[in-house]
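A quick write-up on the structure given underneath.
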Amino acid sequence: MIIICIVVWVDPNVISRLFGASNPDILAESNHALRIFSLSFIPFCYIYVIMIVYKLYAHHRMALFISFALSLTVIPVLWLVSHFAPELLWYSYLIAYAIEALFIVIIHRMSHLKFELKTEK
């Protein structure tokens with residue numbers, strides 16, 4: 001995802017054209033939005049890997065929480081940002097993932113979860 005993020009950051013018009021944009025004004029406007037949105041790929045992937053780690057260590061509730069939170073955090077943040085700061089709309093994904101990462105750390109510390117492999121005898 002870092003490679004995709006770099007490609008989008010260097011030449012966002014490639015993605016715009018991929019989705020049919022050809023108007024120079026639209027291409028120019030989409031540059032900032034796509035660059036900011038591409039930055040959200042990195043925390044998304046990080047959180048997704050954390051979810052898999054929780055699942056592997058049999059912390060199923062925490063993995064389920066992360067799975068739901070990935071979907072349910074973005075929508076309210078998008079709504080709030082669109083109402084109170086519409087010019088920052090593309091930052092809402094980064095904000096949502098930062099909030100989710102904070103909740104993951106808080107819940108992890110409150111639950112005193114340990115990552116131990118259980119071996120069967």
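Every chain in the structure tokens takes a letter, A first, then B, and so on in the order presented; its residues are numbered from 1, and the ligands are numbered from 1 following the presented order.
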
Backbone-only DSSP, alpha helix (DSSP H) members of chain A, as a PyMOL selection string: chain A and resi 2-10+12-18+24-39+41-56+60-72+74-84+92-111

Contacts of Ala33 in chain A at 12 Å (only C-alpha atoms; same-chain gap of 2+ positions) as a PyMOL selection string: chain A and resi 8-9+12-13+15-16+26-31+35-40+87-93

Please list as a tab-separated table (two decimals) with N, CA, C and O atoms, in the first residue's frame every residue within 9 Å of Glu100 in chain A, counting only C-alpha atoms and excluding residues in the same chain fewer than 3 positions away.
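part.tsv, written as the output of this step:
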chain	number	residue	atom	x	y	z
A	47	ILE	N	-4.14	-0.97	10.74
A	47	ILE	CA	-5.24	-1.41	11.61
A	47	ILE	C	-5.73	-2.78	11.18
A	47	ILE	O	-6.03	-3.63	12.02
A	66	ILE	N	-12.55	-4.40	15.94
A	66	ILE	CA	-11.78	-3.69	14.93
A	66	ILE	C	-12.46	-3.80	13.57
A	66	ILE	O	-12.54	-2.84	12.82
A	69	ALA	N	-15.43	-1.52	13.63
A	69	ALA	CA	-15.01	-0.13	13.77
A	69	ALA	C	-14.42	0.42	12.47
A	69	ALA	O	-14.59	1.60	12.17
A	70	LEU	N	-13.75	-0.44	11.70
A	70	LEU	CA	-13.21	0.02	10.42
A	70	LEU	C	-14.30	0.59	9.52
A	70	LEU	O	-14.10	1.57	8.82
A	73	THR	N	-16.61	3.69	11.89
A	73	THR	CA	-15.97	4.93	12.34
A	73	THR	C	-15.97	5.98	11.24
A	73	THR	O	-16.19	7.16	11.50
A	95	ILE	N	-8.71	11.04	10.03
A	95	ILE	CA	-9.25	11.31	11.38
A	95	ILE	C	-9.92	10.07	11.94
A	95	ILE	O	-9.70	9.69	13.10
A	96	ALA	N	-10.73	9.41	11.13
A	96	ALA	CA	-11.45	8.21	11.58
A	96	ALA	C	-10.48	7.11	11.97
A	96	ALA	O	-10.65	6.45	13.00
A	97	TYR	N	-9.45	6.90	11.17
A	97	TYR	CA	-8.48	5.84	11.49
A	97	TYR	C	-7.64	6.19	12.71
A	97	TYR	O	-7.26	5.31	13.48
A	103	PHE	N	-8.82	4.12	20.08
A	103	PHE	CA	-9.72	3.21	20.78
A	103	PHE	C	-9.10	1.82	20.93
A	103	PHE	O	-9.27	1.18	21.96
A	104	ILE	N	-8.39	1.36	19.93
A	104	ILE	CA	-7.74	0.05	20.01
A	104	ILE	C	-6.72	0.03	21.15
A	104	ILE	O	-6.69	-0.90	21.95
A	105	VAL	N	-5.91	1.08	21.25
A	105	VAL	CA	-4.91	1.17	22.31
A	105	VAL	C	-5.59	1.22	23.67
A	105	VAL	O	-5.20	0.51	24.61

Best match for closeness to Met110 in chain A among A:Val14, A:Pro86, A:Met62, A:Ala98, counting only C-alpha atoms: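 Of all the options, A:Met62 lies closest to Met110 in chain A.
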
Distance in Å - CA of Leu80 in chain A versus CA of Leu94 in chain A: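 Between CA of Leu80 in chain A and CA of Leu94 in chain A the gap is 13.6 Å.
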
Selection: 9 Å around Phe41 in chain A, only C-alpha atoms, excl. self and same-chain fewer than 3 positions, as an MDAnalysis selection string: chainID A and resid 1:2 4:5 37:38 44:46 94

Output C-alpha atoms of each residue in that selection to a file, as an mmCIF file, in the first residue's frame.
data_model
loop_
_atom_site.group_PDB
_atom_site.id
_atom_site.type_symbol
_atom_site.label_atom_id
_atom_site.label_comp_id
_atom_site.auth_asym_id
_atom_site.auth_seq_id
_atom_site.Cartn_x
_atom_site.Cartn_y
_atom_site.Cartn_z
ATOM 1 C CA MET A 1 0.000 0.000 0.000
ATOM 2 C CA ILE A 2 2.917 2.324 0.550
ATOM 3 C CA ILE A 4 0.295 2.712 -4.199
ATOM 4 C CA CYS A 5 0.308 5.703 -1.861
ATOM 5 C CA PHE A 37 -7.082 10.089 0.582
ATOM 6 C CA SER A 38 -4.084 7.951 -0.401
ATOM 7 C CA PHE A 44 -6.051 1.394 7.241
ATOM 8 C CA CYS A 45 -3.602 -1.390 6.398
ATOM 9 C CA TYR A 46 -1.918 -1.076 9.784
ATOM 10 C CA LEU A 94 -7.315 9.915 8.415
#

Atomic separation - CA of Ile42 in chain A relative to CA of Lys55 in chain A, Å: 20.2 Å

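Compared by their closest atoms to Ala63 in chain A, and using only C-alpha atoms, the residues A:Phe19, A:Ala85, A:Ile75, A:His108 rank with A:His108 nearest.
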